file work_3.cif (mmCIF, C-alpha atoms)
data_final
#
loop_
_atom_site.label_atom_id
_atom_site.label_comp_id
_atom_site.auth_asym_id
_atom_site.auth_seq_id
_atom_site.Cartn_x
_atom_site.Cartn_y
_atom_site.Cartn_z
CA MET I 162 -142.72 -106.68 52.07
CA THR I 163 -144.53 -106.08 48.80
CA ASP I 164 -146.27 -108.87 46.91
CA GLU I 165 -143.33 -109.22 44.58
CA HIS I 166 -140.99 -109.61 47.56
CA ILE I 167 -143.19 -112.21 49.18
CA GLU I 168 -142.95 -114.21 45.97
CA THR I 169 -139.18 -113.87 45.57
CA TYR I 170 -138.72 -114.55 49.30
CA ALA I 171 -140.59 -117.83 48.93
CA GLN I 172 -138.44 -118.66 45.91
CA ASP I 173 -135.15 -117.90 47.72
CA PHE I 174 -136.27 -119.65 50.91
CA ARG I 175 -137.20 -122.77 48.97
CA SER I 176 -133.78 -122.78 47.34
CA TYR I 177 -131.96 -123.00 50.68
CA CYS I 178 -134.41 -125.61 52.01
CA ILE I 179 -134.06 -127.88 48.98
CA GLY I 180 -130.29 -127.45 49.05
CA GLY I 181 -130.05 -128.20 52.75
CA LEU I 182 -132.24 -131.27 52.48
CA LEU I 183 -130.37 -132.70 49.47
CA ALA I 184 -127.01 -132.00 51.12
CA LEU I 185 -128.13 -133.81 54.29
CA VAL I 186 -129.32 -136.85 52.33
CA LEU I 187 -126.15 -137.02 50.23
CA THR I 188 -123.90 -136.66 53.29
CA GLY I 189 -125.89 -139.31 55.14
CA LEU I 190 -125.59 -141.71 52.20
CA ALA I 191 -121.82 -141.16 51.92
CA PHE I 192 -121.18 -141.83 55.61
CA GLY I 193 -123.70 -144.69 55.61
CA ILE I 194 -121.94 -146.48 52.77
CA VAL I 195 -118.64 -146.44 54.64
CA ILE I 196 -119.88 -147.10 58.17
CA PHE I 197 -122.16 -150.02 57.20
CA GLU I 198 -119.72 -151.25 54.54
CA ILE I 199 -122.30 -151.41 51.79
CA LEU I 200 -121.09 -152.30 48.25
CA PRO I 201 -117.84 -154.04 47.27
CA HIS I 202 -114.57 -152.13 47.55
CA PHE I 203 -114.21 -150.46 44.14
CA GLU I 204 -117.91 -149.65 43.79
CA ARG I 205 -117.86 -148.09 47.24
CA LEU I 206 -115.11 -145.65 46.26
CA LEU I 207 -116.88 -144.88 42.99
CA ALA I 208 -120.17 -144.25 44.79
CA LEU I 209 -118.42 -141.92 47.26
CA ALA I 210 -116.89 -139.91 44.41
CA VAL I 211 -120.24 -139.65 42.61
CA LEU I 212 -121.99 -138.57 45.83
CA ALA I 213 -119.33 -135.91 46.46
CA VAL I 214 -119.60 -134.47 42.94
CA THR I 215 -123.40 -134.45 43.21
CA GLN I 216 -123.23 -132.68 46.55
CA ILE I 217 -120.81 -130.06 45.17
CA ILE I 218 -123.24 -129.38 42.30
CA VAL I 219 -126.12 -129.13 44.81
CA HIS I 220 -124.15 -126.62 46.89
CA PHE I 221 -123.29 -124.54 43.82
CA ARG I 222 -126.85 -124.61 42.59
CA TYR I 223 -128.82 -124.00 45.79
CA PHE I 224 -126.41 -122.20 48.14
CA LEU I 225 -124.32 -120.22 45.67
CA HIS I 226 -127.16 -119.84 43.13
CA ILE I 227 -125.06 -120.69 40.09
CA GLY I 228 -127.24 -121.90 37.27
CA TRP I 229 -127.81 -121.71 33.55
CA HIS I 230 -129.77 -118.48 33.93
CA SER I 231 -127.01 -116.65 35.83
CA HIS I 232 -124.59 -114.35 34.01
CA ARG I 233 -122.62 -116.21 31.34
CA ASP I 234 -119.34 -114.90 32.86
CA ASP I 235 -119.96 -116.55 36.21
CA LEU I 236 -120.73 -119.97 34.88
CA GLN I 237 -117.74 -119.76 32.55
CA LEU I 238 -115.50 -118.69 35.45
CA VAL I 239 -116.60 -121.70 37.47
CA LEU I 240 -116.37 -124.13 34.55
CA PHE I 241 -112.92 -122.86 33.52
CA THR I 242 -111.68 -123.17 37.11
CA SER I 243 -113.07 -126.70 37.22
CA LEU I 244 -111.08 -127.52 34.08
CA ILE I 245 -107.87 -126.09 35.60
CA LEU I 246 -108.48 -128.01 38.84
CA PHE I 247 -109.16 -131.22 36.96
CA LEU I 248 -105.94 -130.86 34.96
CA MET I 249 -103.82 -130.04 38.00
CA VAL I 250 -105.24 -132.66 40.35
CA GLY I 251 -105.62 -135.34 37.69
CA GLY I 252 -102.15 -134.65 36.27
CA THR I 253 -100.45 -134.65 39.66
CA ILE I 254 -102.07 -137.89 40.73
CA TRP I 255 -101.33 -139.56 37.38
CA ILE I 256 -97.66 -138.56 37.36
CA LEU I 257 -96.97 -139.32 41.03
CA PHE I 258 -98.66 -142.73 41.03
CA ASN I 259 -96.89 -143.63 37.79
CA LEU I 260 -93.56 -142.59 39.30
CA HIS I 261 -94.37 -144.52 42.48
CA GLU I 262 -94.95 -147.70 40.49
CA ARG I 263 -91.69 -147.32 38.63
CA MET I 264 -89.77 -146.80 41.88
CA MET I 265 -91.14 -149.96 43.50
CA MET G 17 -142.79 -117.50 38.42
CA LYS G 18 -141.08 -114.15 38.38
CA ARG G 19 -137.42 -114.24 37.40
CA GLN G 20 -135.22 -111.89 39.37
CA THR G 21 -132.56 -109.89 37.56
CA VAL G 22 -129.31 -111.68 38.28
CA LEU G 23 -126.19 -109.53 38.25
CA HIS G 24 -123.75 -111.92 39.90
CA PRO G 25 -123.58 -115.44 41.31
CA GLY G 26 -124.86 -115.77 44.86
CA LEU G 27 -128.02 -114.37 46.37
CA ASN G 28 -128.87 -111.13 44.53
CA LEU G 29 -130.44 -108.27 46.45
CA GLY G 30 -132.58 -107.45 43.42
CA SER G 31 -135.54 -105.18 43.93
CA ALA G 32 -135.32 -105.57 47.73
CA ASP G 33 -132.59 -102.92 47.62
CA GLU G 34 -132.13 -101.48 44.12
CA TYR G 35 -129.23 -99.20 45.01
CA SER G 36 -127.06 -101.83 46.70
CA HIS G 37 -127.99 -104.30 43.98
CA ALA G 38 -126.64 -101.93 41.31
CA GLN G 39 -123.40 -101.50 43.30
CA SER G 40 -122.86 -105.20 43.84
CA GLU G 41 -121.84 -106.52 40.41
CA PRO G 42 -118.11 -105.62 40.21
CA VAL G 43 -117.19 -106.33 43.86
CA ILE G 44 -118.96 -109.67 43.99
CA PHE G 45 -117.59 -110.81 40.65
CA GLY G 46 -114.10 -109.82 41.84
CA PHE G 47 -114.63 -111.85 44.99
CA TRP G 48 -115.61 -114.84 42.86
CA VAL G 49 -112.29 -114.60 41.05
CA PHE G 50 -110.55 -114.70 44.45
CA LEU G 51 -112.64 -117.71 45.51
CA MET G 52 -111.71 -119.61 42.37
CA ALA G 53 -108.01 -118.81 42.94
CA ASP G 54 -108.42 -120.06 46.50
CA LEU G 55 -109.87 -123.30 45.17
CA VAL G 56 -106.69 -123.75 43.12
CA LEU G 57 -104.69 -123.65 46.39
CA PHE G 58 -106.95 -126.32 47.89
CA ALA G 59 -106.78 -128.43 44.74
CA ILE G 60 -102.99 -128.62 44.94
CA LEU G 61 -103.16 -129.57 48.62
CA PHE G 62 -105.68 -132.29 47.71
CA ALA G 63 -103.42 -133.61 44.95
CA THR G 64 -100.47 -133.69 47.36
CA TYR G 65 -102.58 -135.48 49.96
CA ALA G 66 -103.91 -138.00 47.43
CA SER G 67 -100.44 -139.23 46.58
CA MET G 68 -98.93 -138.83 50.06
CA SER G 69 -101.72 -140.69 51.87
CA VAL G 70 -100.97 -143.82 49.84
CA GLN G 71 -97.26 -143.55 49.04
CA GLY G 72 -95.98 -141.56 52.00
CA GLN G 73 -96.98 -143.52 55.09
CA ALA G 74 -93.33 -144.31 55.88
CA GLY G 75 -94.27 -147.26 58.10
CA GLY G 76 -96.26 -144.93 60.34
CA PRO G 77 -99.99 -144.92 61.09
CA SER G 78 -102.37 -145.35 58.12
CA PRO G 79 -105.53 -143.25 57.61
CA THR G 80 -107.67 -146.06 59.08
CA ASP G 81 -105.58 -146.05 62.27
CA VAL G 82 -105.98 -142.38 63.06
CA PHE G 83 -109.29 -141.14 61.59
CA ASP G 84 -112.33 -140.83 63.82
CA LEU G 85 -115.39 -141.08 61.54
CA PRO G 86 -118.13 -140.20 64.08
CA SER G 87 -116.20 -137.04 64.92
CA ALA G 88 -115.83 -136.18 61.21
CA PHE G 89 -119.58 -136.75 60.81
CA ILE G 90 -120.41 -134.31 63.62
CA GLU G 91 -118.04 -131.74 62.11
CA THR G 92 -119.74 -132.20 58.74
CA MET G 93 -123.16 -131.65 60.29
CA LEU G 94 -121.96 -128.53 62.14
CA LEU G 95 -120.52 -126.99 58.98
CA LEU G 96 -123.50 -127.94 56.83
CA GLY G 97 -125.83 -126.54 59.47
CA SER G 98 -123.85 -123.31 59.55
CA SER G 99 -124.13 -123.05 55.76
CA ILE G 100 -127.92 -123.31 56.02
CA THR G 101 -128.14 -120.80 58.88
CA PHE G 102 -125.96 -118.40 56.87
CA GLY G 103 -128.45 -118.84 54.02
CA MET G 104 -131.19 -117.77 56.44
CA ALA G 105 -129.02 -114.78 57.46
CA SER G 106 -128.70 -113.83 53.77
CA LEU G 107 -132.48 -113.98 53.42
CA ALA G 108 -132.87 -111.78 56.51
CA LEU G 109 -130.34 -109.34 55.02
CA LYS G 110 -132.32 -109.18 51.81
CA TYR G 111 -135.93 -109.14 53.03
CA LYS G 112 -136.17 -108.19 56.68
CA ALA G 113 -135.96 -104.49 57.52
CA ASP G 114 -134.90 -105.11 61.12
CA ARG G 115 -131.45 -106.08 62.29
CA LEU G 116 -132.53 -108.66 64.85
CA HIS G 117 -133.20 -111.60 62.50
CA LEU G 118 -129.95 -111.03 60.68
CA VAL G 119 -127.88 -110.77 63.86
CA LEU G 120 -129.48 -113.85 65.44
CA TRP G 121 -128.87 -116.01 62.35
CA LEU G 122 -125.28 -114.75 62.14
CA LEU G 123 -124.70 -115.54 65.82
CA LEU G 124 -126.09 -119.04 65.32
CA THR G 125 -123.81 -119.48 62.30
CA PHE G 126 -120.89 -118.27 64.40
CA CYS G 127 -121.64 -120.80 67.16
CA LEU G 128 -121.85 -123.69 64.68
CA GLY G 129 -118.61 -122.58 62.99
CA ALA G 130 -116.86 -122.21 66.35
CA GLY G 131 -118.14 -125.68 67.32
CA PHE G 132 -116.65 -127.06 64.11
CA ILE G 133 -113.25 -125.51 64.86
CA GLY G 134 -113.43 -126.77 68.45
CA MET G 135 -114.12 -130.35 67.27
CA GLU G 136 -111.31 -130.14 64.73
CA VAL G 137 -108.77 -128.93 67.27
CA ARG G 138 -109.90 -131.73 69.61
CA ASP G 139 -109.41 -134.28 66.78
CA PHE G 140 -105.92 -132.98 66.07
CA TRP G 141 -105.10 -133.10 69.77
CA ILE G 142 -106.23 -136.72 70.11
CA MET G 143 -104.30 -137.72 66.96
CA MET G 144 -101.14 -136.06 68.24
CA GLN G 145 -101.53 -137.84 71.60
CA GLN G 146 -101.42 -141.12 69.64
CA GLY G 147 -98.13 -140.09 68.07
CA ALA G 148 -99.69 -139.09 64.73
CA VAL G 149 -97.80 -135.79 64.55
CA PRO G 150 -97.17 -133.91 61.27
CA GLN G 151 -93.45 -134.81 61.18
CA ARG G 152 -94.18 -138.56 61.49
CA SER G 153 -94.79 -139.17 57.76
CA GLY G 154 -95.57 -137.54 54.43
CA PHE G 155 -99.17 -138.71 54.79
CA LEU G 156 -99.57 -136.89 58.11
CA SER G 157 -97.77 -133.74 56.90
CA ALA G 158 -100.11 -133.54 53.92
CA PHE G 159 -103.15 -134.31 56.11
CA TYR G 160 -102.47 -131.55 58.63
CA MET G 161 -101.53 -129.13 55.85
CA LEU G 162 -104.79 -129.68 53.97
CA VAL G 163 -107.25 -129.92 56.86
CA ALA G 164 -105.62 -127.14 58.90
CA THR G 165 -105.60 -124.82 55.87
CA HIS G 166 -109.36 -125.33 55.66
CA GLY G 167 -109.65 -124.82 59.42
CA LEU G 168 -107.65 -121.60 59.14
CA HIS G 169 -110.03 -120.38 56.43
CA VAL G 170 -113.02 -121.12 58.68
CA THR G 171 -111.30 -119.29 61.55
CA ALA G 172 -110.72 -116.31 59.27
CA GLY G 173 -114.41 -116.46 58.34
CA LEU G 174 -115.36 -116.41 62.04
CA LEU G 175 -113.15 -113.38 62.64
CA TRP G 176 -114.70 -111.71 59.60
CA MET G 177 -118.15 -112.47 61.02
CA ILE G 178 -117.30 -110.78 64.35
CA ILE G 179 -116.02 -107.70 62.50
CA LEU G 180 -119.20 -107.52 60.42
CA LEU G 181 -121.39 -107.93 63.52
CA VAL G 182 -119.57 -104.94 65.03
CA GLN G 183 -119.99 -103.01 61.78
CA LEU G 184 -123.70 -103.86 61.72
CA ARG G 185 -123.96 -102.40 65.21
CA VAL G 186 -121.89 -99.28 64.50
CA LEU G 187 -122.68 -98.52 60.86
CA GLY G 188 -126.08 -100.21 60.50
CA ARG G 189 -127.33 -101.84 57.29
CA THR G 190 -125.46 -99.65 54.83
CA THR G 191 -124.67 -100.73 51.27
CA ALA G 192 -121.01 -101.34 52.14
CA VAL G 193 -121.90 -103.62 55.07
CA LYS G 194 -124.48 -105.49 53.00
CA LEU G 195 -121.99 -106.16 50.22
CA ARG G 196 -119.42 -107.37 52.77
CA LEU G 197 -121.95 -109.76 54.28
CA MET G 198 -122.78 -111.09 50.81
CA ARG G 199 -119.11 -111.76 50.16
CA LEU G 200 -118.72 -113.50 53.52
CA ALA G 201 -121.73 -115.66 52.61
CA LEU G 202 -120.03 -116.75 49.38
CA PHE G 203 -116.79 -117.45 51.27
CA TRP G 204 -118.67 -119.52 53.86
CA HIS G 205 -120.60 -121.60 51.31
CA MET G 206 -117.37 -122.17 49.36
CA LEU G 207 -115.62 -123.48 52.50
CA ASP G 208 -118.48 -125.93 52.94
CA ILE G 209 -117.84 -127.19 49.41
CA VAL G 210 -114.15 -127.68 50.22
CA TRP G 211 -115.22 -129.60 53.35
CA VAL G 212 -117.39 -131.90 51.21
CA CYS G 213 -114.19 -132.86 49.37
CA ILE G 214 -112.29 -133.26 52.65
CA PHE G 215 -114.81 -135.55 54.33
CA THR G 216 -115.16 -137.63 51.16
CA PHE G 217 -111.62 -137.86 49.82
CA VAL G 218 -109.73 -137.65 53.10
CA TYR G 219 -111.89 -139.21 55.83
CA LEU G 220 -114.23 -141.59 53.98
CA PHE G 221 -111.69 -142.67 51.33
CA GLY G 222 -109.08 -143.08 54.05
CA VAL G 223 -111.29 -145.53 55.94
CA ALA G 224 -112.79 -147.24 52.86
CA LEU G 225 -109.51 -147.80 50.98
#

call {"tool": "encode", "arguments": {"input": "work_3.cif", "output": "structure tokens"}}
result
Amino acid sequence: MTDEHIETYAQDFRSYCIGGLLALVLTGLAFGIVIFEILPHFERLLALAVLAVTQIIVHFRYFLHIGWHSHRDDLQLVLFTSLILFLMVGGTIWILFNLHERMM
Amino acid sequence: MKRQTVLHPGLNLGSADEYSHAQSEPVIFGFWVFLMADLVLFAILFATYASMSVQGQAGGPSPTDVFDLPSAFIETMLLLGSSITFGMASLALKYKADRLHLVLWLLLTFCLGAGFIGMEVRDFWIMMQQGAVPQRSGFLSAFYMLVATHGLHVTAGLLWMIILLVQLRVLGRTTAVKLRLMRLALFWHMLDIVWVCIFTFVYLFGVAL
């Protein structure tokens, strides 16, 4: 390996290590909250959702190397897909739970 | 710190292999479009599960009755571990001139992935022994549909990994094989992200609700 490669290797290696470590901590916290029944009911669900979103961002950033400095297209592709997913999942849940309440 | 030229999301080969790096942009971007479309499939299954798991229990078992959290935790660790070992395989692909490192990391990834699938099948088996079969309720139909679709993706990834190991042996580290391995890496990391949603919104929410 040339000097430049040693430097980029260290950079890439660090990325996976940081990502792995953060993912482990976040997963541990999520399971810990449920198993040891920390926090009241609603806050527990909220904390789980926040931990999941954080972990997804960590995976995208450190394992899939998506960041602000990557190609504009890629980030826009991911953000646009997130918007579509949010609309579809959010909309489905909204409509079905609303319908469910009316049917009770 | 030196910034590497980034042509596509995922680990770029960069100056470690200029030729393959130049070839990689269109195929990897195309694969990203597929991955995002695949996420749409999972999103709809998640939305179905979210409503079914609450409204569709039909007097049958509830999530708390059938989910085994320690088992889900082990599966999570196996899949997360395999994501990290695949990262090490990607680094070996990019920086190490020999095949040995790459093949060993891929084999380790394969074992972890196979362990994950084994645990999942065991979970399903135990659930079905307790009468929690897919046709019991809407909740269980949606559960098996979502989790098994993910499991099927992981199985496809394992099969893909075997094929690429054979190609590495037969063809060596050519540009085509490198680009295929990079796409498999993206697929694998993406499946780990889907699993993060499954263990949170299916297993943990199911028990915490």

call {"tool": "resolve_selection", "arguments": {"input": "work_3.cif", "expression": "the PyMOL selection byres ((chain G and resi 181) around 12)", "output": "ChimeraX atom specification"}}
result
/G:105,115-116,118-123,125-126,174-180,182-189,193-194,196-197,200

call {"tool": "resolve_selection", "arguments": {"input": "work_3.cif", "expression": "the PyMOL selection byres ((chain G and resi 45) around 10)", "output": "list in words"}}
result
Asp234, Asp235 and Leu238 of chain I; Leu23, His24, Pro25, Gly26, Ser40, Glu41, Pro42, Val43, Ile44, Gly46, Phe47, Trp48, Val49, Phe50, Leu51 and Arg199 of chain G

call {"tool": "resolve_selection", "arguments": {"input": "work_3.cif", "expression": "the PyMOL selection byres ((chain G) within 7 of (chain I))", "output": "PDB file with C-alpha atoms, in the frame of the given file"}}
result
ATOM      1  CA  VAL G  22    -129.310-111.680  38.280  1.00  0.00           C
ATOM      2  CA  LEU G  23    -126.190-109.530  38.250  1.00  0.00           C
ATOM      3  CA  HIS G  24    -123.750-111.920  39.900  1.00  0.00           C
ATOM      4  CA  PRO G  25    -123.580-115.440  41.310  1.00  0.00           C
ATOM      5  CA  GLY G  26    -124.860-115.770  44.860  1.00  0.00           C
ATOM      6  CA  LEU G  27    -128.020-114.370  46.370  1.00  0.00           C
ATOM      7  CA  ALA G  32    -135.320-105.570  47.730  1.00  0.00           C
ATOM      8  CA  MET G  52    -111.710-119.610  42.370  1.00  0.00           C
ATOM      9  CA  VAL G  56    -106.690-123.750  43.120  1.00  0.00           C
ATOM     10  CA  ALA G  59    -106.780-128.430  44.740  1.00  0.00           C
ATOM     11  CA  ILE G  60    -102.990-128.620  44.940  1.00  0.00           C
ATOM     12  CA  ALA G  63    -103.420-133.610  44.950  1.00  0.00           C
ATOM     13  CA  ALA G  66    -103.910-138.000  47.430  1.00  0.00           C
ATOM     14  CA  SER G  67    -100.440-139.230  46.580  1.00  0.00           C
ATOM     15  CA  ILE G 100    -127.920-123.310  56.020  1.00  0.00           C
ATOM     16  CA  GLY G 103    -128.450-118.840  54.020  1.00  0.00           C
ATOM     17  CA  LEU G 202    -120.030-116.750  49.380  1.00  0.00           C
ATOM     18  CA  HIS G 205    -120.600-121.600  51.310  1.00  0.00           C
ATOM     19  CA  ILE G 209    -117.840-127.190  49.410  1.00  0.00           C
ATOM     20  CA  VAL G 212    -117.390-131.900  51.210  1.00  0.00           C
ATOM     21  CA  CYS G 213    -114.190-132.860  49.370  1.00  0.00           C
ATOM     22  CA  THR G 216    -115.160-137.630  51.160  1.00  0.00           C
ATOM     23  CA  LEU G 220    -114.230-141.590  53.980  1.00  0.00           C
ATOM     24  CA  PHE G 221    -111.690-142.670  51.330  1.00  0.00           C
ATOM     25  CA  ALA G 224    -112.790-147.240  52.860  1.00  0.00           C
TER      26      ALA G 224
END

call {"tool": "atom_distance", "arguments": {"input": "work_3.cif", "atom1": "atom CA of Ala88 of chain G", "atom2": "atom CA of Gly193 of chain I"}}
result
12.9 Å

call {"tool": "atom_distance", "arguments": {"input": "work_3.cif", "atom1": "atom CA of Thr171 of chain G", "atom2": "atom CA of Gln151 of chain G"}}
result
23.7 Å

call {"tool": "atom_distance", "arguments": {"input": "work_3.cif", "atom1": "atom CA of Ile179 of chain I", "atom2": "atom CA of Glu136 of chain G"}}
result
27.8 Å

call {"tool": "axis_aligned_box", "arguments": {"input": "work_3.cif", "around": "segment 222-239 of chain I", "padding_each_side": "6 Å", "output": "lines of an AutoDock Vina configuration file"}}
result
center_x = -122.6
center_y = -119.5
center_z = 39.7
size_x = 26.3
size_y = 22.3
size_z = 28.8

call {"tool": "residues_around", "arguments": {"input": "work_3.cif", "residues": "segment 161-163 of chain G", "least_positions_apart": "6", "cutoff": "10 Å", "atoms": "only C-alpha atoms", "output": "number ranges by chain"}}
result
G: 57-65, 136, 140, 150, 155, 169, 210-211, 214-215, 218

call {"tool": "closest_residue", "arguments": {"input": "work_3.cif", "among": "G:Leu55, G:Leu207, G:Ala108, G:Val149", "to": "Gly173 of chain G", "atoms": "only C-alpha atoms"}}
result
G:Leu207
